[in-house]
Amino acid sequence: MSETLLAKPVTAVSTTTPPVEERKGLTKKEIAADHPTWCPGCGDFSVLALYFKLIEKRKMWHEKITTVAGIGCSSRFPYFVQAHGAHYIHGRALPFASGISLSRPDLHVFVFGGDGDAFSIGGNHFNHTARKNIKMTYCVMDNWVYGLTKKQTSPTSPLGFKSKTDQWGAVDYPINPMKQAIAAGATFVARTTHTNPNHVLQMMEAAMDHDGFSFIECLSECVEFYEGAFDASNPRKGGVFNEVPKSHDVTDELAAYKLAGEPFPGSFGIFYKSNKPTKNAKEAEIIKSFQSKTAGLKDWQILQKNFDRMK
Amino acid sequence: MSDIIEKALSSGDGAPKVSRINEVVIRIAGNSQDGIQAIGGFLARLAGRSEQEVMTFMTIPATISGGASIFQVRMGSGEVLSSGDEADVLLAFYQHSYDAHISSLKKGGIVMFDSDHVVPNPELEKTYHHVGIPISSLTVEAIGGTAKDKGKNIYSLGLIAKTFDLDLPKLEKLIGERFTGKDPSILNNALAAFHAGYSHSLGNLLETFKFTDAQKKDGTQIVMNGNEALGYGLIAAGVRFGAGYPITPWSDIMELLRRELPKYGGMFIQTEDEIAAISMAIGGSYAGRVSVTGSSGPGISLKTEALGWAIMAEMPLVIVDVQRGGPSTGMPTNIEQSDLNIAVNGGHGDAPRVVIAPANVEDCFYMAIEAVNIARKYSVPVIILTDQGIATRIEAFVQPNLEKVCQDISPDFTPIADHKPYDLSTPNGVSLHVPPGTKINSGKYPIVTGLEHDELGHPTGSPKLHQQMTAKRRKKLQALGATLPVPKIYGPSEGNVLLVGWGSTEGPIKEAVDRARAAGDSVSSIHIKHINPLPNGLENIFSGFNHVFVVEMNDEGLYGFGQFGAILRARYCDPKIQGLNKTDGLTWKVKEILERTKTNLTAGIRKL
């Protein structure tokens, strides 16, 4: 798709990376880095474990894995993965990841974060990265609370949730991440929960295979500050885990929106998927059309042409 | 030049004569939609092609359409240092242009005005030579009914060309190039307007002027403004990725990069906001190639948290700040050098970064390359501080040898044995970034982070590591400082007054030195291009003078030293360093610098 993009680095990659067949897949031991700093019982552990599984299963190499996060409990993620990674500032992981995605078509960028990062401080970036359809996978571990700063109201906290900043119960209407993503123009929108590992992996794989901005909301319980938040979605706690109905048409935006409006626990699975061209592909097209006019010229000769007009 | 004009005009012996001149300052005043920038552009380009020196100055109104606007061009056969304090010729399109700008004219200067719109003030007719020409109606006569607003600039260019005996074929060629590819009738109209202006009788102006021959230049000259030079400099430096958000006067650079980079296989992204812009550029740098972002005042404020991350994570990055009047929205189309503090110190924590400031348009090109190379060599963000004046000013300079200066900075993905992104054992604290895509044979991969970290990038709360890493980030800038050249002194190395400048003020400061020395005063100057870190050895220069005045376009501040002045005082603890500041949003006039220097000297050294 984007071979013309930043042609030199891509060429450099392909000449210095051994052919895929010659290397074995990584083991969990080779992928794991620091021991996670999360509280025992935190839902984020299973998301991490399934990311490792994804890497193993899809035979990704260390140097090709790029894990990016903002700030929050879940955003500690990159430290626990033995691969290239970046722990960026609060709320801005998406534009940072976009910089990587657009300039390096040879990498698949994974971004992990929490609900505060995605929908509060980073809300603007969520909308714009989605609408531009920049290729990457964004997994939001939604726990409905600010955990790192110890129990303040989050943009997804339900009405009435008692936090340190709403001691009498949250009064602000929460964001519905699925509606937000669909309305913003995300081309892959899925919902899963940490208590169903197979489903999480299934969603991660589908997201990774999607050519575009793929968004997963993964419910991930904060056992310390919002225990039991998702019990209603967990069969082991007496709840129900309903998959998106087989009859649902994932290309039907209105149907997806309707699905997103179901009361908790709602449905799990792929709500929406469309194959709009990515920004990566569009930019590559622009480059291609410009470069067809300058074919055979060295960079300095292209610049010289401009300078010749300024004499 | 005015003296010559006066003599020639008062001689009154009938036949127009041709007088030789070295230089001229022409101010064109009208409204923003009159295309007066185009006249200035033609004149500047002509000067470049005639091996003359040229410098322009323009103002644009902050309003979208309409509003008063000026363009001043100074062309000369010798060195042109500034756009000139006073104009020799004023071309006024409207009454308001006449009223507002007649005072910028030298006594005895020529005011050409559109007599369709301007009624001259009889009082002023004694002081300035008035040449009334019905420019609007003559333009209509030349090219037909509706085109007057579009053609009168070119008509006026013809008038100026006649008055100054400018090279007709060269100007015709420039007009031809400008209108190439458009409807041929547009070019024909333009040439018709130009010739009509050129052949118009100059009324009571009894003399025309001719430039003395320019000194032969070493190479072909090119003509552009500072924003263009900076944008092309970044391309020459090998920058292929960047992101930005529109803001005046930075937008020109992002528009240029958006348009040009695809030719080189790169791209420039317009983001949703300033924070996204710097974040995306940092992402591009992280991915392997030094990237660029930029803005003007308010946008730079927004970017500072991310800038702090780039410093902490030791990521190479180039940030352009085209300064304007602040704080807040301030004066978007005026000139100020008041972002120095935020450039050097903006953001929380101890966050050393590099700040450099080009002094002229040519510098914008070469210092963009220098910025990229410093960013790569020291793995650090580099801020290029320019300002509205230098951004929009057109100058001619010798064309760079592009084959030589253009560089390829593609990342190297050769596998490496081992890598510590924050290696503490390296000399000078410099450790380089290794982008994703690079296989590390030890199997230990780097995390880049804004948390305080160990050598591999993993978070730490260790007091010792925080001290060591803070020192590491500082030491690499100190190492850079030791390599920087000491600025050359303009004038003798010992004397009474040393003027210190930075950024776009170099021209008027040097011209002030010339004029002061011609009047017998002991004045020299230096211009500092490396703001943070400073080059070593400035104290040796300061020691040769009784007074050091730091000339800046910013407020003197609470303690009276201005922004750069305060840094120099803190660095050198030298009480003879004083501020010479102004905040009117306009470039320094040579006269102002001289007057203010005198005032400072008579007032004595400020209370310490």
# chains A, B, ... in the order shown; residues from 1 in each chain; ligands from 1

call {"tool": "residues_around", "arguments": {"residues": "Val361 of chain B", "least_positions_apart": "5", "cutoff": "9 Å", "atoms": "only C-alpha atoms", "output": "short mmCIF file (atom, residue, chain, number, x, y, z; two decimals) with N, CA and C atoms, in the first residue's frame"}}
result
data_model
loop_
_atom_site.label_atom_id
_atom_site.label_comp_id
_atom_site.auth_asym_id
_atom_site.auth_seq_id
_atom_site.Cartn_x
_atom_site.Cartn_y
_atom_site.Cartn_z
N MET B 224 14.12 35.56 -1.36
CA MET B 224 12.97 34.95 -0.68
C MET B 224 12.80 35.59 0.69
N ASN B 225 11.72 35.24 1.36
CA ASN B 225 11.54 35.76 2.71
C ASN B 225 12.01 34.73 3.74
N GLY B 226 12.01 35.13 5.00
CA GLY B 226 12.58 34.29 6.05
C GLY B 226 11.82 32.99 6.25
N ASN B 227 10.50 33.05 6.14
CA ASN B 227 9.73 31.82 6.30
C ASN B 227 10.05 30.82 5.21
N GLU B 228 10.20 31.33 3.98
CA GLU B 228 10.55 30.43 2.87
C GLU B 228 11.94 29.83 3.09
N ALA B 229 12.88 30.69 3.49
CA ALA B 229 14.26 30.22 3.69
C ALA B 229 14.29 29.14 4.77
N LEU B 230 13.51 29.33 5.81
CA LEU B 230 13.47 28.35 6.90
C LEU B 230 12.86 27.03 6.42
N ILE B 390 11.41 39.01 10.39
CA ILE B 390 12.30 38.22 9.55
C ILE B 390 11.49 37.24 8.68
N ALA B 391 10.34 36.84 9.21
CA ALA B 391 9.50 35.86 8.50
C ALA B 391 8.99 36.41 7.18
N ARG B 393 10.13 39.31 5.71
CA ARG B 393 11.07 40.20 5.04
C ARG B 393 11.74 39.47 3.88
N ILE B 394 11.84 40.16 2.76
CA ILE B 394 12.48 39.55 1.59
C ILE B 394 13.91 40.05 1.49
N GLU B 395 14.83 39.14 1.29
CA GLU B 395 16.23 39.52 1.09
C GLU B 395 16.79 38.71 -0.06
N ALA B 396 17.86 39.24 -0.63
CA ALA B 396 18.59 38.49 -1.66
C ALA B 396 19.85 37.94 -1.02
N PHE B 397 20.18 36.70 -1.32
CA PHE B 397 21.46 36.15 -0.84
C PHE B 397 22.01 35.16 -1.85
N SER B 504 16.29 39.18 14.58
CA SER B 504 16.11 39.98 13.37
C SER B 504 16.66 41.40 13.44
#

call {"tool": "residues_around", "arguments": {"residues": "Leu303 of chain A", "least_positions_apart": "2", "cutoff": "9 Å", "atoms": "only C-alpha atoms", "output": "ChimeraX atom specification"}}
result
/A:298-301,305-308 /B:232,235-236,402,406

call {"tool": "closest_residue", "arguments": {"among": "A:Ser157, A:Asn242, A:Ser220, A:Thr66", "to": "Val140 of chain A", "atoms": "only C-alpha atoms"}}
result
A:Ser220

call {"tool": "closest_residue", "arguments": {"among": "B:His453, B:Lys510, B:Arg259, B:Lys216", "to": "Ile489 of chain B", "atoms": "only C-alpha atoms"}}
result
B:Lys510

call {"tool": "select_by_dssp", "arguments": {"residues": "segment 325-363 of chain B", "states": "alpha helix (DSSP H)", "output": "PyMOL selection string"}}
result
chain B and resi 340-345+361-363

call {"tool": "closest_residue", "arguments": {"among": "A:Pro265, A:Gly43, A:Gly25, A:Gly122", "to": "chain B", "atoms": "only C-alpha atoms"}}
result
A:Gly122

call {"tool": "residues_around", "arguments": {"residues": "segment 146-155 of chain A", "least_positions_apart": "6", "cutoff": "8 Å", "atoms": "only C-alpha atoms", "output": "ChimeraX atom specification"}}
result
/A:72-73,115-116,119-120,161-166,170,174-175,222,224-225

call {"tool": "closest_residue", "arguments": {"among": "B:Phe365, B:Tyr128, B:Phe241, B:Phe561", "to": "Leu102 of chain A", "atoms": "only C-alpha atoms"}}
result
B:Phe241

call {"tool": "interface_residues", "arguments": {"of": "chain B", "to": "chain A", "cutoff": "7 Å", "atoms": "only C-alpha atoms", "output": "ChimeraX atom specification"}}
result
/B:45,48-49,221-224,262-266,272,276,279-284,287,306,402-403,406,410-414,436-439,444-450,458

call {"tool": "closest_residue", "arguments": {"among": "B:Glu23, B:Glu314, B:Asp183, B:Asp116", "to": "Tyr378 of chain B", "atoms": "only C-alpha atoms"}}
result
B:Glu314

call {"tool": "residues_around", "arguments": {"residues": "segment 201-213 of chain A", "least_positions_apart": "3", "cutoff": "7 Å", "atoms": "only C-alpha atoms", "output": "list of chain:residue names"}}
result
A:Leu50, A:Leu54, A:Ala130, A:Asn133, A:Ile134, A:Lys135, A:Met136, A:Thr137, A:Ala186, A:Thr187, A:Phe188, A:Ala190, A:Pro197, A:Asn198, A:Thr278

call {"tool": "write_last_selection", "arguments": {"atoms": "C-alpha atoms", "output": "CSV table (one decimal), in the first residue's frame"}}
result
chain,number,residue,atom,x,y,z
A,50,LEU,CA,-3.5,-11.4,25.8
A,54,LEU,CA,-1.3,-11.9,20.2
A,130,ALA,CA,-10.7,8.3,14.3
A,133,ASN,CA,-8.6,6.9,9.9
A,134,ILE,CA,-4.9,6.7,10.8
A,135,LYS,CA,-3.8,3.1,10.9
A,136,MET,CA,-3.2,1.8,14.4
A,137,THR,CA,-5.0,-0.2,17.1
A,186,ALA,CA,-13.7,5.2,13.6
A,187,THR,CA,-13.6,2.4,11.0
A,188,PHE,CA,-13.4,-0.4,13.5
A,190,ALA,CA,-15.4,-3.3,19.1
A,197,PRO,CA,-9.9,-13.8,27.5
A,198,ASN,CA,-10.7,-15.6,24.3
A,278,THR,CA,-6.7,5.3,5.6

call {"tool": "atom_distance", "arguments": {"atom1": "atom CA of Ile253 of chain B", "atom2": "atom CA of Gly238 of chain B"}}
result
15.6 Å

call {"tool": "residues_around", "arguments": {"residues": "Ile567 of chain B", "least_positions_apart": "3", "cutoff": "10 Å", "atoms": "only C-alpha atoms", "output": "compact mmCIF listing (two decimals) with N, CA and C atoms, in the first residue's frame"}}
result
# COMPACT_ATOMS: atom_id res chain seq x y z
N LEU B 340 11.52 34.83 24.11
CA LEU B 340 12.82 34.26 24.47
C LEU B 340 12.74 33.47 25.77
N ASN B 341 12.01 34.02 26.74
CA ASN B 341 11.91 33.32 28.02
C ASN B 341 11.25 31.96 27.87
N VAL B 344 13.60 29.51 26.14
CA VAL B 344 14.72 29.02 26.94
C VAL B 344 14.23 28.23 28.17
N ILE B 531 21.47 31.14 21.52
CA ILE B 531 20.91 31.76 22.72
C ILE B 531 21.03 30.83 23.93
N ASN B 532 20.78 29.54 23.69
CA ASN B 532 20.85 28.57 24.78
C ASN B 532 21.32 27.24 24.22
N LEU B 534 24.75 29.45 25.49
CA LEU B 534 25.53 30.55 24.93
C LEU B 534 26.91 30.02 24.56
N PHE B 561 16.08 44.68 32.71
CA PHE B 561 17.13 44.21 31.81
C PHE B 561 16.64 43.55 30.53
N GLY B 562 15.34 43.40 30.37
CA GLY B 562 14.85 42.70 29.18
C GLY B 562 15.09 41.20 29.30
N GLN B 563 14.59 40.42 28.34
CA GLN B 563 14.66 38.96 28.48
C GLN B 563 16.07 38.41 28.25
N PHE B 564 16.71 38.82 27.18
CA PHE B 564 18.05 38.30 26.92
C PHE B 564 19.05 38.97 27.86
N ALA B 570 22.59 37.22 34.47
CA ALA B 570 22.66 36.06 35.35
C ALA B 570 23.91 35.24 35.04
N ARG B 571 24.25 35.16 33.76
CA ARG B 571 25.38 34.34 33.35
C ARG B 571 26.72 35.00 33.72
N TYR B 572 26.80 36.35 33.53
CA TYR B 572 28.10 36.99 33.69
C TYR B 572 28.21 37.88 34.92
N CYS B 573 27.09 38.07 35.65
CA CYS B 573 27.10 38.89 36.88
C CYS B 573 27.80 40.23 36.63

call {"tool": "residues_around", "arguments": {"residues": "segment 122-126 of chain B", "least_positions_apart": "3", "cutoff": "10 Å", "atoms": "only C-alpha atoms", "output": "list in words"}}
result
Ile102, Ser103, Lys107, Gly108, Val111, Val119, His129, His130 and Val131 of chain B

call {"tool": "write_last_selection", "arguments": {"atoms": "C-alpha atoms", "output": "mmCIF file, in the first residue's frame"}}
result
data_model
loop_
_atom_site.group_PDB
_atom_site.id
_atom_site.type_symbol
_atom_site.label_atom_id
_atom_site.label_comp_id
_atom_site.auth_asym_id
_atom_site.auth_seq_id
_atom_site.Cartn_x
_atom_site.Cartn_y
_atom_site.Cartn_z
ATOM 1 C CA ILE B 102 3.774 60.990 4.925
ATOM 2 C CA SER B 103 5.669 61.395 8.182
ATOM 3 C CA LYS B 107 12.282 65.790 4.374
ATOM 4 C CA GLY B 108 12.597 66.600 0.699
ATOM 5 C CA VAL B 111 5.430 61.433 -2.466
ATOM 6 C CA VAL B 119 -6.074 65.371 -1.756
ATOM 7 C CA HIS B 129 7.808 66.890 -3.377
ATOM 8 C CA HIS B 130 4.326 65.956 -4.449
ATOM 9 C CA VAL B 131 3.725 64.070 -7.660
#
